[in-house]
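Before any comments, here is the structure.
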Amino acid sequence: MNAPSKLGFLGEPRLAPAEAFRKASWLTTDFNAFVWSVNFNGDPILLNWKVALDNNSYLTDDENLDLLNGLKYALIGATRN
């Protein structure tokens, strides 16, 4: 079954959300970097993800990878249409 022309975008191949939210036009470094360089039409800003947590670990430690990636995905997702 073919979608009507206004819904044609539904038939286009899509990236999995985990892949699609690893890129943003303003992100000038790799998603996996611990320090991001971001540029929102101005001077680049550094965003350091190595933040100390209450359990004496860092956000960038392996044990916190799900939390770190979730925060990164949320930031990218918040800036998308």
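Going by the structure tokens order, chains are called A, B, ..., each with residues numbered from 1, while ligands are numbered from 1 in the order shown.
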| Contacts of stretch 57-66 of chain A within 10 Å, only C-alpha atoms, excl. fewer than 3 positions in-chain, as a ChimeraX atom specification | /A:32-35,48-54,69-72
Only N, CA and C atoms, please: the residues just picked out, written as a PDB file, in the first residue's frame.
```pdb
ATOM      1  N   ASN A  32      30.869  10.677  21.108  1.00  0.00           N
ATOM      2  CA  ASN A  32      31.496   9.954  22.218  1.00  0.00           C
ATOM      3  C   ASN A  32      32.587  10.737  22.949  1.00  0.00           C
ATOM      4  N   ALA A  33      32.923  11.911  22.462  1.00  0.00           N
ATOM      5  CA  ALA A  33      33.960  12.709  23.122  1.00  0.00           C
ATOM      6  C   ALA A  33      33.496  13.136  24.510  1.00  0.00           C
ATOM      7  N   PHE A  34      34.440  13.196  25.455  1.00  0.00           N
ATOM      8  CA  PHE A  34      34.115  13.626  26.817  1.00  0.00           C
ATOM      9  C   PHE A  34      34.036  15.140  26.930  1.00  0.00           C
ATOM     10  N   VAL A  35      34.616  15.836  25.975  1.00  0.00           N
ATOM     11  CA  VAL A  35      34.490  17.294  25.893  1.00  0.00           C
ATOM     12  C   VAL A  35      33.938  17.604  24.512  1.00  0.00           C
ATOM     13  N   ASN A  48      32.175  20.161  28.918  1.00  0.00           N
ATOM     14  CA  ASN A  48      32.924  19.059  29.508  1.00  0.00           C
ATOM     15  C   ASN A  48      31.974  18.155  30.278  1.00  0.00           C
ATOM     16  N   TRP A  49      31.851  16.913  29.827  1.00  0.00           N
ATOM     17  CA  TRP A  49      30.948  15.949  30.451  1.00  0.00           C
ATOM     18  C   TRP A  49      31.570  15.279  31.675  1.00  0.00           C
ATOM     19  N   LYS A  50      32.835  15.538  31.980  1.00  0.00           N
ATOM     20  CA  LYS A  50      33.489  14.905  33.137  1.00  0.00           C
ATOM     21  C   LYS A  50      33.098  15.667  34.401  1.00  0.00           C
ATOM     22  N   VAL A  51      31.915  15.337  34.906  1.00  0.00           N
ATOM     23  CA  VAL A  51      31.336  15.994  36.071  1.00  0.00           C
ATOM     24  C   VAL A  51      31.355  15.000  37.233  1.00  0.00           C
ATOM     25  N   ALA A  52      31.757  15.459  38.408  1.00  0.00           N
ATOM     26  CA  ALA A  52      31.759  14.598  39.598  1.00  0.00           C
ATOM     27  C   ALA A  52      30.322  14.361  40.063  1.00  0.00           C
ATOM     28  N   LEU A  53      30.021  13.106  40.398  1.00  0.00           N
ATOM     29  CA  LEU A  53      28.704  12.733  40.898  1.00  0.00           C
ATOM     30  C   LEU A  53      28.768  12.464  42.398  1.00  0.00           C
ATOM     31  N   ASP A  54      27.624  12.390  43.022  1.00  0.00           N
ATOM     32  CA  ASP A  54      27.539  12.197  44.475  1.00  0.00           C
ATOM     33  C   ASP A  54      28.157  10.885  44.957  1.00  0.00           C
ATOM     34  N   ASN A  69      25.023   9.004  28.104  1.00  0.00           N
ATOM     35  CA  ASN A  69      24.419   8.985  26.774  1.00  0.00           C
ATOM     36  C   ASN A  69      22.995   9.515  26.811  1.00  0.00           C
ATOM     37  N   GLY A  70      22.254   9.215  27.856  1.00  0.00           N
ATOM     38  CA  GLY A  70      20.895   9.730  27.981  1.00  0.00           C
ATOM     39  C   GLY A  70      20.866  11.245  28.025  1.00  0.00           C
ATOM     40  N   LEU A  71      21.801  11.834  28.758  1.00  0.00           N
ATOM     41  CA  LEU A  71      21.873  13.292  28.822  1.00  0.00           C
ATOM     42  C   LEU A  71      22.262  13.900  27.474  1.00  0.00           C
ATOM     43  N   LYS A  72      23.185  13.228  26.795  1.00  0.00           N
ATOM     44  CA  LYS A  72      23.595  13.705  25.470  1.00  0.00           C
ATOM     45  C   LYS A  72      22.436  13.615  24.482  1.00  0.00           C
TER      46      LYS A  72
END
```
| request: Pick out the residues sitting within 6 Å of A:Trp36, and hand them over as a PyMOL selection string; count only C-alpha atoms, and ignore anything fewer than 2 positions along from it in its own chain. | output: chain A and resi 29+46-47
Write the selection just made, keeping C-alpha atoms, as a short mmCIF file (atom, residue, chain, number, x, y, z; two decimals), in the first residue's frame?
```cif
data_model
loop_
_atom_site.label_atom_id
_atom_site.label_comp_id
_atom_site.auth_asym_id
_atom_site.auth_seq_id
_atom_site.Cartn_x
_atom_site.Cartn_y
_atom_site.Cartn_z
CA THR A 29 33.05 16.96 17.85
CA LEU A 46 33.29 23.66 25.21
CA LEU A 47 31.01 21.36 27.15
#
```
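For chain A, the set of residues given helix (DSSP H, G or I) by DSSP on the backbone reads Ser5, Lys6, Leu7, Gly8, Phe9, Leu10, Gly11, Pro17, Ala18, Glu19, Ala20, Asp62, Glu63, Asn64, Leu65, Asp66, Leu67, Leu68, Asn69, Gly70, Leu71, Lys72, Tyr73, Ala74, Leu75, Ile76, Gly77 and Ala78 of chain A.
Those residues of chain A that DSSP, working from the backbone, places in strand (DSSP E or B) are Leu27, Val35, Trp36, Ser37, Val38, Ile45, Leu46, Leu47, Asn48, Ala52 and Tyr58 of chain A.
Atom pair atom CA of A:Tyr73 / atom CA of A:Ala20: separated by 9.4 Å.
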| said: For A:Asn39, find every residue with an atom within 9 Å (counting only C-alpha atoms), except residues of its own chain fewer than 5 positions away, and show them as a PyMOL selection string. | reply: chain A and resi 25-28+44-46
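Candidate residues A:Gly42, A:Ala24, A:Phe31, A:Asn56 were compared for distance to A:Ala78, and the nearest is A:Ala24, using only C-alpha atoms.
Atom CA of A:Ala74 to atom CA of A:Val38 spans 15.0 Å [interatomic distance, one decimal].
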| query | So how many Å separate atom CA of A:Lys6 and atom CA of A:Arg80, to one decimal? | reply | 21.3 Å
